[in-house]
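Structure file work00.pdb (PDB, C-alpha atoms and all ligand atoms) is printed below.
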ATOM      1  CA  MET T   1     -78.692 113.140 -11.199
ATOM      2  CA  LYS T   2     -81.564 115.620 -11.080
ATOM      3  CA  ILE T   3     -84.197 115.006  -8.383
ATOM      4  CA  LEU T   4     -87.750 116.353  -8.448
ATOM      5  CA  VAL T   5     -89.449 116.443  -5.037
ATOM      6  CA  ALA T   6     -93.217 116.991  -4.707
ATOM      7  CA  VAL T   7     -94.138 118.988  -1.622
ATOM      8  CA  LYS T   8     -97.766 119.431  -0.611
ATOM      9  CA  ARG T   9     -99.174 122.168   1.623
ATOM     10  CA  VAL T  10    -101.353 120.587   4.296
ATOM     11  CA  VAL T  11    -102.821 121.417   7.710
ATOM     12  CA  ASP T  12     -99.963 121.379  10.245
ATOM     13  CA  TYR T  13     -99.746 117.955  11.875
ATOM     14  CA  ASN T  14    -100.095 119.488  15.372
ATOM     15  CA  VAL T  15    -103.492 121.019  14.589
ATOM     16  CA  LYS T  16    -106.631 119.240  15.749
ATOM     17  CA  VAL T  17    -108.828 119.674  12.701
ATOM     18  CA  ARG T  18    -112.401 120.965  12.928
ATOM     19  CA  ILE T  19    -115.273 120.081  10.644
ATOM     20  CA  LYS T  20    -117.338 122.753   8.910
ATOM     21  CA  SER T  21    -120.769 123.185  10.528
ATOM     22  CA  ASP T  22    -122.525 121.817   7.421
ATOM     23  CA  GLY T  23    -120.294 118.692   7.420
ATOM     24  CA  SER T  24    -119.142 119.440   3.859
ATOM     25  CA  ASP T  25    -115.397 119.351   4.606
ATOM     26  CA  VAL T  26    -112.652 120.070   7.108
ATOM     27  CA  ASP T  27    -112.524 123.741   8.096
ATOM     28  CA  ILE T  28    -109.082 125.137   7.260
ATOM     29  CA  ASP T  29    -109.985 128.803   7.748
ATOM     30  CA  GLY T  30    -107.217 130.458   9.779
ATOM     31  CA  VAL T  31    -105.565 127.077  10.466
ATOM     32  CA  LYS T  32    -101.766 126.746  10.547
ATOM     33  CA  MET T  33    -100.515 125.087   7.360
ATOM     34  CA  GLY T  34     -97.153 123.563   6.548
ATOM     35  CA  ILE T  35     -95.233 121.100   4.418
ATOM     36  CA  ASN T  36     -96.581 117.533   4.456
ATOM     37  CA  PRO T  37     -94.284 115.657   6.917
ATOM     38  CA  PHE T  38     -93.489 112.763   4.542
ATOM     39  CA  ASP T  39     -92.546 115.276   1.822
ATOM     40  CA  GLU T  40     -90.027 116.792   4.209
ATOM     41  CA  ASN T  41     -88.477 113.311   4.522
ATOM     42  CA  ALA T  42     -88.424 113.029   0.710
ATOM     43  CA  LEU T  43     -86.692 116.402   0.394
ATOM     44  CA  GLU T  44     -84.233 115.611   3.190
ATOM     45  CA  GLU T  45     -83.214 112.394   1.419
ATOM     46  CA  ALA T  46     -82.731 114.248  -1.864
ATOM     47  CA  LEU T  47     -80.508 116.783  -0.073
ATOM     48  CA  ARG T  48     -78.461 113.990   1.516
ATOM     49  CA  LEU T  49     -77.944 112.365  -1.915
ATOM     50  CA  LYS T  50     -76.710 115.722  -3.198
ATOM     51  CA  GLU T  51     -74.414 116.172  -0.198
ATOM     52  CA  LYS T  52     -72.917 112.737  -0.938
ATOM     53  CA  GLY T  53     -72.190 113.941  -4.476
ATOM     54  CA  LEU T  54     -74.843 111.633  -5.958
ATOM     55  CA  ALA T  55     -77.251 114.342  -7.132
ATOM     56  CA  SER T  56     -76.640 117.542  -9.039
ATOM     57  CA  GLU T  57     -79.864 119.515  -8.687
ATOM     58  CA  ILE T  58     -82.962 119.355  -6.506
ATOM     59  CA  ILE T  59     -86.204 120.890  -7.679
ATOM     60  CA  ALA T  60     -89.112 121.282  -5.263
ATOM     61  CA  ILE T  61     -92.558 121.386  -6.847
ATOM     62  CA  SER T  62     -95.921 122.149  -5.312
ATOM     63  CA  LEU T  63     -99.378 122.198  -6.840
ATOM     64  CA  GLY T  64    -102.123 124.451  -5.550
ATOM     65  CA  SER T  65    -102.907 128.077  -4.837
ATOM     66  CA  ALA T  66    -100.438 130.970  -4.501
ATOM     67  CA  ALA T  67    -100.399 130.209  -0.751
ATOM     68  CA  ASN T  68     -98.223 127.167  -1.573
ATOM     69  CA  GLN T  69     -95.287 129.528  -1.922
ATOM     70  CA  ASP T  70     -94.676 129.082   1.810
ATOM     71  CA  VAL T  71     -93.874 125.351   1.484
ATOM     72  CA  LEU T  72     -91.668 126.099  -1.510
ATOM     73  CA  ARG T  73     -89.798 128.772   0.492
ATOM     74  CA  HIS T  74     -89.377 126.203   3.272
ATOM     75  CA  SER T  75     -87.983 123.743   0.688
ATOM     76  CA  LEU T  76     -85.548 126.382  -0.648
ATOM     77  CA  ALA T  77     -84.495 127.147   2.930
ATOM     78  CA  MET T  78     -83.837 123.441   3.504
ATOM     79  CA  GLY T  79     -81.560 123.457   0.441
ATOM     80  CA  ALA T  80     -83.573 122.851  -2.751
ATOM     81  CA  ASP T  81     -81.928 124.537  -5.754
ATOM     82  CA  ARG T  82     -85.127 125.552  -7.525
ATOM     83  CA  ALA T  83     -88.835 125.798  -6.789
ATOM     84  CA  ILE T  84     -91.807 125.469  -9.117
ATOM     85  CA  LEU T  85     -95.421 126.285  -8.308
ATOM     86  CA  LEU T  86     -98.109 124.796 -10.544
ATOM     87  CA  GLU T  87    -100.782 127.285  -9.658
ATOM     88  CA  THR T  88    -104.470 126.494  -9.536
ATOM     89  CA  ASP T  89    -107.400 127.095  -7.218
ATOM     90  CA  ALA T  90    -108.974 123.814  -8.344
ATOM     91  CA  ASP T  91    -109.381 120.940  -5.877
ATOM     92  CA  LEU T  92    -106.650 118.574  -7.071
ATOM     93  CA  GLN T  93    -107.100 114.859  -6.449
ATOM     94  CA  PRO T  94    -104.188 112.348  -6.699
ATOM     95  CA  LEU T  95    -104.766 111.439 -10.370
ATOM     96  CA  ALA T  96    -104.774 115.106 -11.405
ATOM     97  CA  VAL T  97    -101.593 115.719  -9.371
ATOM     98  CA  ALA T  98     -99.938 112.677 -10.966
ATOM     99  CA  LYS T  99    -100.870 113.844 -14.490
ATOM    100  CA  LEU T 100     -99.496 117.329 -13.827
ATOM    101  CA  LEU T 101     -96.303 115.949 -12.277
ATOM    102  CA  LYS T 102     -95.868 113.765 -15.362
ATOM    103  CA  VAL T 103     -95.866 116.892 -17.539
ATOM    104  CA  MET T 104     -93.165 118.383 -15.336
ATOM    105  CA  VAL T 105     -91.115 115.161 -15.408
ATOM    106  CA  GLU T 106     -91.243 115.273 -19.195
ATOM    107  CA  ARG T 107     -90.034 118.887 -19.102
ATOM    108  CA  GLU T 108     -87.332 118.569 -16.418
ATOM    109  CA  LYS T 109     -86.247 114.964 -17.077
ATOM    110  CA  PRO T 110     -85.225 114.133 -13.487
ATOM    111  CA  GLU T 111     -83.749 110.681 -12.886
ATOM    112  CA  LEU T 112     -85.433 110.428  -9.510
ATOM    113  CA  ILE T 113     -88.858 111.688  -8.474
ATOM    114  CA  MET T 114     -89.472 111.730  -4.748
ATOM    115  CA  LEU T 115     -92.840 112.138  -3.039
ATOM    116  CA  GLY T 116     -94.239 111.528   0.420
ATOM    117  CA  LYS T 117     -95.856 108.134   0.993
ATOM    118  CA  GLN T 118     -99.106 109.972   1.700
ATOM    119  CA  ALA T 119    -100.500 113.424   2.270
ATOM    120  CA  ILE T 120    -101.807 113.795   5.834
ATOM    121  CA  ASP T 121    -104.907 115.684   4.677
ATOM    122  CA  ASP T 122    -106.482 113.217   2.219
ATOM    123  CA  ASP T 123    -104.422 110.201   3.434
ATOM    124  CA  ALA T 124    -104.795 108.855  -0.107
ATOM    125  CA  GLY T 125    -101.311 107.380  -0.561
ATOM    126  CA  GLN T 126    -101.886 107.194  -4.323
ATOM    127  CA  THR T 127    -100.018 109.944  -6.150
ATOM    128  CA  GLY T 128     -96.576 108.298  -6.348
ATOM    129  CA  GLN T 129     -98.009 105.015  -7.572
ATOM    130  CA  MET T 130    -100.187 106.742 -10.189
ATOM    131  CA  LEU T 131     -97.257 108.861 -11.390
ATOM    132  CA  ALA T 132     -95.024 105.779 -11.768
ATOM    133  CA  ALA T 133     -97.781 104.030 -13.744
ATOM    134  CA  LEU T 134     -98.353 107.041 -16.025
ATOM    135  CA  LEU T 135     -94.608 107.349 -16.694
ATOM    136  CA  ASP T 136     -94.083 103.580 -16.837
ATOM    137  CA  TYR T 137     -91.198 104.000 -14.360
ATOM    138  CA  PRO T 138     -90.253 101.551 -11.596
ATOM    139  CA  GLN T 139     -91.474 102.544  -8.128
ATOM    140  CA  GLY T 140     -90.308 102.066  -4.554
ATOM    141  CA  THR T 141     -93.020 103.135  -2.125
ATOM    142  CA  PHE T 142     -92.825 103.624   1.687
ATOM    143  CA  ALA T 143     -89.023 103.836   1.483
ATOM    144  CA  SER T 144     -87.169 103.605   4.791
ATOM    145  CA  SER T 145     -83.696 103.611   3.207
ATOM    146  CA  ILE T 146     -82.163 104.423  -0.180
ATOM    147  CA  GLN T 147     -78.754 103.603  -1.635
ATOM    148  CA  LYS T 148     -77.585 104.631  -5.094
ATOM    149  CA  GLU T 149     -74.953 102.809  -7.085
ATOM    150  CA  ALA T 150     -74.464 103.686 -10.765
ATOM    151  CA  ASN T 151     -77.892 103.507 -12.381
ATOM    152  CA  ILE T 152     -79.467 101.364  -9.662
ATOM    153  CA  LEU T 153     -81.337 102.602  -6.623
ATOM    154  CA  THR T 154     -81.707 100.090  -3.805
ATOM    155  CA  VAL T 155     -84.815 100.882  -1.806
ATOM    156  CA  THR T 156     -85.782  99.260   1.478
ATOM    157  CA  ARG T 157     -89.494  99.626   2.005
ATOM    158  CA  GLU T 158     -91.775  99.144   4.958
ATOM    159  CA  VAL T 159     -94.306  96.369   4.407
ATOM    160  CA  ASP T 160     -96.800  94.719   6.796
ATOM    161  CA  GLY T 161     -94.531  91.833   7.718
ATOM    162  CA  GLY T 162     -91.258  93.813   7.999
ATOM    163  CA  THR T 163     -89.138  95.229   5.208
ATOM    164  CA  GLU T 164     -88.625  94.441   1.538
ATOM    165  CA  THR T 165     -85.616  95.464  -0.570
ATOM    166  CA  LEU T 166     -85.981  96.400  -4.231
ATOM    167  CA  ALA T 167     -83.459  97.347  -6.910
ATOM    168  CA  LEU T 168     -84.864 100.027  -9.218
ATOM    169  CA  THR T 169     -83.318 101.072 -12.498
ATOM    170  CA  LEU T 170     -83.361 104.854 -12.811
ATOM    171  CA  PRO T 171     -85.367 106.883 -13.709
ATOM    172  CA  ALA T 172     -87.719 105.879 -10.902
ATOM    173  CA  VAL T 173     -90.352 107.114  -8.466
ATOM    174  CA  VAL T 174     -89.790 106.770  -4.711
ATOM    175  CA  THR T 175     -92.188 107.660  -1.884
ATOM    176  CA  ALA T 176     -90.752 108.414   1.554
ATOM    177  CA  ASP T 177     -91.715 106.942   4.913
ATOM    178  CA  LEU T 178     -90.991 108.743   8.199
ATOM    179  CA  ARG T 179     -88.192 106.308   9.102
ATOM    180  CA  LEU T 180     -86.188 107.347   6.028
ATOM    181  CA  ASN T 181     -84.458 110.145   7.949
ATOM    182  CA  GLU T 182     -84.882 113.001  10.368
ATOM    183  CA  PRO T 183     -85.374 116.232   8.361
ATOM    184  CA  ARG T 184     -82.959 119.035   9.180
ATOM    185  CA  PHE T 185     -84.016 122.036  11.217
ATOM    186  CA  VAL T 186     -84.463 125.121   9.049
ATOM    187  CA  LYS T 187     -82.451 128.058  10.391
ATOM    188  CA  LEU T 188     -83.862 131.574  10.300
ATOM    189  CA  PRO T 189     -81.067 133.055   8.073
ATOM    190  CA  ASN T 190     -81.786 130.311   5.511
ATOM    191  CA  LEU T 191     -85.493 131.171   5.615
ATOM    192  CA  MET T 192     -84.653 134.857   5.105
ATOM    193  CA  MET T 193     -82.389 133.980   2.156
ATOM    194  CA  ALA T 194     -85.075 131.724   0.663
ATOM    195  CA  ARG T 195     -87.481 134.667   0.633
ATOM    196  CA  LYS T 196     -85.311 136.334  -2.006
ATOM    197  CA  LYS T 197     -85.067 133.287  -4.283
ATOM    198  CA  PRO T 198     -87.352 133.117  -7.334
ATOM    199  CA  ILE T 199     -90.230 130.646  -7.581
ATOM    200  CA  GLU T 200     -91.177 129.693 -11.116
ATOM    201  CA  THR T 201     -94.966 129.854 -11.362
ATOM    202  CA  ILE T 202     -96.881 128.010 -14.060
ATOM    203  CA  ASP T 203    -100.613 128.470 -14.529
ATOM    204  CA  VAL T 204    -102.123 124.959 -14.583
ATOM    205  CA  THR T 205    -104.606 125.919 -17.305
ATOM    206  CA  THR T 206    -101.692 126.406 -19.735
ATOM    207  CA  LEU T 207    -100.787 122.714 -19.373
ATOM    208  CA  VAL T 208    -104.138 121.585 -20.833
ATOM    209  CA  ILE T 209    -104.547 118.615 -18.492
ATOM    210  CA  ALA T 210    -107.989 117.535 -17.252
ATOM    211  CA  VAL T 211    -107.851 118.148 -13.503
ATOM    212  CA  ALA T 212    -111.562 118.059 -12.631
ATOM    213  CA  PRO T 213    -112.251 115.911  -9.525
ATOM    214  CA  ARG T 214    -113.424 112.356 -10.224
ATOM    215  CA  LEU T 215    -114.436 111.651  -6.650
ATOM    216  CA  GLN T 216    -117.132 113.545  -4.813
ATOM    217  CA  LEU T 217    -116.824 114.181  -1.086
ATOM    218  CA  ILE T 218    -120.268 113.495   0.337
ATOM    219  CA  GLN T 219    -119.847 114.190   4.036
ATOM    220  CA  VAL T 220    -117.226 114.637   6.737
ATOM    221  CA  ALA T 221    -118.150 113.608  10.293
ATOM    222  CA  GLU T 222    -116.448 113.353  13.691
ATOM    223  CA  PRO T 223    -115.802 109.799  14.908
ATOM    224  CA  PRO T 224    -118.203 108.710  17.681
ATOM    225  CA  VAL T 225    -117.087 109.948  21.122
ATOM    226  CA  ARG T 226    -115.429 107.157  23.095
ATOM    227  CA  LYS T 227    -117.266 106.164  26.276
ATOM    228  CA  ALA T 228    -115.349 106.656  29.520
ATOM    229  CA  GLY T 229    -113.740 103.502  30.944
ATOM    230  CA  ILE T 230    -114.138 102.165  34.480
ATOM    231  CA  LYS T 231    -111.576 100.945  36.989
ATOM    232  CA  VAL T 232    -111.910  97.512  38.570
ATOM    233  CA  ASN T 233    -110.259  96.474  41.824
ATOM    234  CA  SER T 234    -109.199  92.951  40.927
ATOM    235  CA  VAL T 235    -108.732  90.497  38.097
ATOM    236  CA  GLU T 236    -111.655  88.518  39.517
ATOM    237  CA  GLU T 237    -113.945  91.534  39.213
ATOM    238  CA  LEU T 238    -112.726  92.124  35.652
ATOM    239  CA  LEU T 239    -113.465  88.509  34.707
ATOM    240  CA  ASN T 240    -116.932  88.673  36.280
ATOM    241  CA  LYS T 241    -117.692  91.799  34.299
ATOM    242  CA  LEU T 242    -116.456  90.214  31.099
ATOM    243  CA  ARG T 243    -118.517  87.069  31.771
ATOM    244  CA  ALA T 244    -121.600  89.159  32.425
ATOM    245  CA  HIS T 245    -121.091  91.142  29.244
ATOM    246  CA  GLU T 246    -123.365  89.883  26.534
ATOM    247  CA  GLY T 247    -121.579  87.854  23.886
ATOM    248  CA  ILE T 248    -118.239  87.585  25.692
ATOM    249  CA  LEU T 249    -117.217  84.115  26.904
ATOM    250  CA  VAL T 250    -114.183  83.787  29.151
TER     251      VAL T 250
HETATM  252  P1  LIG T 301    -101.499 111.453  -1.653
HETATM  253  O1  LIG T 301    -101.517 110.438  -2.747
HETATM  254  O2  LIG T 301    -102.517 112.563  -1.841
HETATM  255  O3  LIG T 301    -101.576 110.839  -0.254
HETATM  256  O4  LIG T 301    -100.090 112.215  -1.733
HETATM  257  C1  LIG T 301     -98.874 111.512  -1.795
HETATM  258  C2  LIG T 301     -97.745 112.461  -2.124
HETATM  259  O5  LIG T 301     -97.968 113.087  -3.395
HETATM  260  C3  LIG T 301     -97.548 113.630  -1.166
HETATM  261  O6  LIG T 301     -96.827 113.231  -0.012
HETATM  262  C4  LIG T 301     -96.783 114.626  -2.044
HETATM  263  O7  LIG T 301     -95.406 114.274  -2.142
HETATM  264  C5  LIG T 301     -97.431 114.403  -3.410
HETATM  265  N1  LIG T 301     -98.541 115.369  -3.622
HETATM  266  C6  LIG T 301     -99.866 115.142  -3.540
HETATM  267  N2  LIG T 301    -100.555 116.269  -3.785
HETATM  268  C7  LIG T 301     -99.639 117.246  -4.006
HETATM  269  C8  LIG T 301     -99.698 118.648  -4.303
HETATM  270  N3  LIG T 301    -100.870 119.297  -4.418
HETATM  271  N4  LIG T 301     -98.534 119.317  -4.469
HETATM  272  C9  LIG T 301     -97.343 118.685  -4.359
HETATM  273  N5  LIG T 301     -97.217 117.376  -4.078
HETATM  274  C10 LIG T 301     -98.343 116.660  -3.912
END
Written form, structure tokens:
Amino acid sequence: MKILVAVKRVVDYNVKVRIKSDGSDVDIDGVKMGINPFDENALEEALRLKEKGLASEIIAISLGSAANQDVLRHSLAMGADRAILLETDADLQPLAVAKLLKVMVEREKPELIMLGKQAIDDDAGQTGQMLAALLDYPQGTFASSIQKEANILTVTREVDGGTETLALTLPAVVTADLRLNEPRFVKLPNLMMARKKPIETIDVTTLVIAVAPRLQLIQVAEPPVRKAGIKVNSVEELLNKLRAHEGILV
């Protein structure tokens, strides 16, 4: 089984993002970037399937500028067999990413396509679902566990009321939740070795897919600053304050 894993380059999850002074977007100038955390879970699960002898090849794919090579090197260091960069400086929204991934699925013919459940920059949570729809493949989103038997993938997924278990016939699309696994630590020698591995680069314009944004970002703003709380000395005092507060009946 060949597995294609989509890895996005996003602002590192430890960074407190700043907004550009004109409010047009988040300012990522000089900010630490890294692999989207859910995509690391997706890749880790693919590697574990391979280690169990259930997968033959893992291909990491990233879409974006040449800077995305760093997340592909990280993926190779984790254990991916191959890396592909679909290079573009265009602002790619989920539908464009899904259309481009579809082209690569048609070329590589993986039986499993793994993505993160959402990218922590746009928080869209749409690409996997759109890709499954475009390919007309079954989908298991927000996966917290995966089991493969013959041509069937059993996916347990996180839903509002608990978990749901689905049986998907391969080929299928799965999006990873954080609970799926704990990604392995990448050792320095593996990172050094990954620097020597080739990354296949494809210019997005050669794929002749319409990638122009369909949504327009109008403004980005900080949430209102939370007012400081106060301490009360007793439950009685708390109740009196609540009673006195307009609109609150206790
Ligand atoms: P989103 O729908 O934007 O929240 O992204 C969901 C998932 O789609 C991510 O976790 C990635 O696995 C994949 N994805 C989205 N954009 C890209 C990209 N530019 N390159 C690679 N994978 C992507």
- So which residues touch T:Asp25 within 10 Å, counting all atoms listed in the file, skipping near sequence neighbours fewer than 6 positions away, as a ChimeraX atom specification? /T:18-19,217-221
- Task: For T:Leu49, please output as a list of chain:residue names all residues within 9 Å (counting all atoms listed in the file; exclusion window: fewer than 6 positions along the same chain).
- Result: T:Ala55, T:Ser56, T:Gln147, T:Lys148
- Message: Let me see if you get this right: every residue at most 6 Å from ligand LIG 301 (chain T), counting only C-alpha atoms and all ligand atoms, written as a list in words.
- Response: Ala6, Val7, Lys8, Phe38, Asp39, Ser62, Leu63, Gly64, Pro94, Val97, Leu115, Gly116, Lys117, Gln118, Ala119, Asp122, Asp123, Ala124, Gly125, Gln126, Thr127 and Gly128 of chain T
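The spacing separating atom CA of T:Val159 from atom CA of T:Ile146 amounts to 15.3 Å.
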Need to verify the contact set: T:Leu95, 12 Å, all atoms listed in the file, exclusion of same-chain residues closer than 6 positions in sequence. Can you return it as an mmCIF file with C-alpha atoms, in the frame of the given file?
data_model
loop_
_atom_site.group_PDB
_atom_site.id
_atom_site.type_symbol
_atom_site.label_atom_id
_atom_site.label_comp_id
_atom_site.auth_asym_id
_atom_site.auth_seq_id
_atom_site.Cartn_x
_atom_site.Cartn_y
_atom_site.Cartn_z
ATOM 1 C CA LEU T 101 -96.303 115.949 -12.277
ATOM 2 C CA LYS T 102 -95.868 113.765 -15.362
ATOM 3 C CA ALA T 124 -104.795 108.855 -0.107
ATOM 4 C CA GLY T 125 -101.311 107.380 -0.561
ATOM 5 C CA GLN T 126 -101.886 107.194 -4.323
ATOM 6 C CA THR T 127 -100.018 109.944 -6.150
ATOM 7 C CA GLY T 128 -96.576 108.298 -6.348
ATOM 8 C CA GLN T 129 -98.009 105.015 -7.572
ATOM 9 C CA MET T 130 -100.187 106.742 -10.189
ATOM 10 C CA LEU T 131 -97.257 108.861 -11.390
ATOM 11 C CA ALA T 132 -95.024 105.779 -11.768
ATOM 12 C CA ALA T 133 -97.781 104.030 -13.744
ATOM 13 C CA LEU T 134 -98.353 107.041 -16.025
ATOM 14 C CA ILE T 209 -104.547 118.615 -18.492
ATOM 15 C CA ALA T 210 -107.989 117.535 -17.252
ATOM 16 C CA VAL T 211 -107.851 118.148 -13.503
ATOM 17 C CA ALA T 212 -111.562 118.059 -12.631
ATOM 18 C CA PRO T 213 -112.251 115.911 -9.525
ATOM 19 C CA ARG T 214 -113.424 112.356 -10.224
ATOM 20 C CA LEU T 215 -114.436 111.651 -6.650
#
- Which residues, written as a ChimeraX atom specification, have at least one atom at most 12 Å from T:Asn151, with all atoms listed in the file counted and residues fewer than 6 positions away on the same chain left out? /T:1,54,111-112,167-172
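Counting all atoms listed in the file, the residue from T:Val26, T:Asp70, T:Gly229, T:Ile120 that sits nearest to T:Asn14 is T:Ile120.
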- Task: Work out how far atom CA of T:Lys187 is from atom CA of T:Ile35, in Å to one decimal.
- Result: 15.7 Å
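Shortest atom-to-atom contact with T:Ser65 among T:Ala194, T:Ala77, T:Ala90, T:Val11: T:Ala90, counting all atoms listed in the file.
Nearest-residue note for T:Pro37: choosing from T:Leu135, T:Val235, T:Val10, T:Val17, the minimum distance belongs to T:Val10, counting all atoms listed in the file.
Here atom CA of T:Thr201 stands at a distance of 15.6 Å from atom CA of T:Leu4.
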- Query: Which one is closest to T:Asp177: T:Pro189, T:Gly23, T:Gly140, T:Pro198? Count all atoms listed in the file.
  - Reply: T:Gly140
Within 7 Å of stretch 80-88 of chain T, counting only C-alpha atoms, which residues qualify if same-chain residues fewer than 5 places away don't, as a tab-separated table (two decimals) with C-alpha atoms, keeping the file's coordinate frame?
chain	number	residue	atom	x	y	z
T	57	GLU	CA	-79.86	119.52	-8.69
T	58	ILE	CA	-82.96	119.36	-6.51
T	59	ILE	CA	-86.20	120.89	-7.68
T	60	ALA	CA	-89.11	121.28	-5.26
T	61	ILE	CA	-92.56	121.39	-6.85
T	62	SER	CA	-95.92	122.15	-5.31
T	63	LEU	CA	-99.38	122.20	-6.84
T	64	GLY	CA	-102.12	124.45	-5.55
T	65	SER	CA	-102.91	128.08	-4.84
T	66	ALA	CA	-100.44	130.97	-4.50
T	72	LEU	CA	-91.67	126.10	-1.51
T	75	SER	CA	-87.98	123.74	0.69
T	199	ILE	CA	-90.23	130.65	-7.58
T	200	GLU	CA	-91.18	129.69	-11.12
T	201	THR	CA	-94.97	129.85	-11.36
T	202	ILE	CA	-96.88	128.01	-14.06
T	203	ASP	CA	-100.61	128.47	-14.53
T	204	VAL	CA	-102.12	124.96	-14.58
Using all atoms of stretch 123-137 of chain T listed in the file and a margin of 4 Å per side, can you give the axis-aligned box centre and edge lengths in Å to one decimal, as lines of an AutoDock Vina configuration file?
center_x = -98.0
center_y = 106.9
center_z = -6.7
size_x = 21.6
size_y = 14.6
size_z = 28.3
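Comparing T:Lys231, T:Ala46, T:Glu236, T:Val208 by their smallest distance to T:Leu100, the closest is T:Val208 (using all atoms listed in the file).
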- Quick one: of T:Met78, T:Ala96, T:Ser145, T:Asp121, who's nearest to T:Asp12, counting all atoms listed in the file? T:Asp121
- Using all atoms listed in the file, what residues lie at most 7 Å away from (-89.2, 107.9, -3.9) (file coordinates), given as a PyMOL selection string? chain T and resi 42+113-115+140-141+143+173-176
- Output the residue selection produced by the PyMOL selection byres (((chain T and resi 182-186) around 9) and not hetatm) on the file above, formatted as a ChimeraX atom specification. /T:40-45,74,77-78,178-181,187-191
Output for the residues just chosen: C-alpha atoms as a CSV table (one decimal), in the frame of the given file:
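Saved the output as again-v6.csv:
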chain,number,residue,atom,x,y,z
T,40,GLU,CA,-90.0,116.8,4.2
T,41,ASN,CA,-88.5,113.3,4.5
T,42,ALA,CA,-88.4,113.0,0.7
T,43,LEU,CA,-86.7,116.4,0.4
T,44,GLU,CA,-84.2,115.6,3.2
T,45,GLU,CA,-83.2,112.4,1.4
T,74,HIS,CA,-89.4,126.2,3.3
T,77,ALA,CA,-84.5,127.1,2.9
T,78,MET,CA,-83.8,123.4,3.5
T,178,LEU,CA,-91.0,108.7,8.2
T,179,ARG,CA,-88.2,106.3,9.1
T,180,LEU,CA,-86.2,107.3,6.0
T,181,ASN,CA,-84.5,110.1,7.9
T,187,LYS,CA,-82.5,128.1,10.4
T,188,LEU,CA,-83.9,131.6,10.3
T,189,PRO,CA,-81.1,133.1,8.1
T,190,ASN,CA,-81.8,130.3,5.5
T,191,LEU,CA,-85.5,131.2,5.6
With N, CA, C and O atoms as the target, complete stretch 61-71 of chain T and hand it back as a compact mmCIF listing (two decimals), keeping the file's coordinate frame.
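Saved the output as selection_11.txt:
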# COMPACT_ATOMS: atom_id res chain seq x y z
N ILE T 61 -91.38 121.00 -6.06
CA ILE T 61 -92.56 121.39 -6.85
C ILE T 61 -93.81 121.23 -5.99
O ILE T 61 -93.94 120.26 -5.25
N SER T 62 -94.68 122.22 -6.07
CA SER T 62 -95.92 122.15 -5.31
C SER T 62 -97.07 122.55 -6.22
O SER T 62 -96.92 123.39 -7.11
N LEU T 63 -98.21 121.93 -6.01
CA LEU T 63 -99.38 122.20 -6.84
C LEU T 63 -100.49 122.74 -5.95
O LEU T 63 -100.81 122.12 -4.92
N GLY T 64 -101.05 123.87 -6.34
CA GLY T 64 -102.12 124.45 -5.55
C GLY T 64 -102.15 125.96 -5.72
O GLY T 64 -101.61 126.49 -6.69
N SER T 65 -102.73 126.63 -4.72
CA SER T 65 -102.91 128.08 -4.84
C SER T 65 -101.59 128.82 -4.57
O SER T 65 -100.59 128.20 -4.17
N ALA T 66 -101.63 130.14 -4.74
CA ALA T 66 -100.44 130.97 -4.50
C ALA T 66 -99.93 130.80 -3.07
O ALA T 66 -98.74 131.01 -2.80
N ALA T 67 -100.81 130.40 -2.16
CA ALA T 67 -100.40 130.21 -0.75
C ALA T 67 -99.32 129.13 -0.62
O ALA T 67 -98.56 129.12 0.35
N ASN T 68 -99.22 128.25 -1.62
CA ASN T 68 -98.22 127.17 -1.57
C ASN T 68 -96.79 127.68 -1.64
O ASN T 68 -95.85 126.90 -1.46
N GLN T 69 -96.65 128.96 -1.90
CA GLN T 69 -95.29 129.53 -1.92
C GLN T 69 -94.58 129.29 -0.60
O GLN T 69 -93.37 129.13 -0.57
N ASP T 70 -95.36 129.24 0.51
CA ASP T 70 -94.68 129.08 1.81
C ASP T 70 -93.96 127.73 1.92
O ASP T 70 -92.84 127.65 2.42
N VAL T 71 -94.56 126.65 1.39
CA VAL T 71 -93.87 125.35 1.48
C VAL T 71 -92.68 125.30 0.52
O VAL T 71 -91.70 124.63 0.78
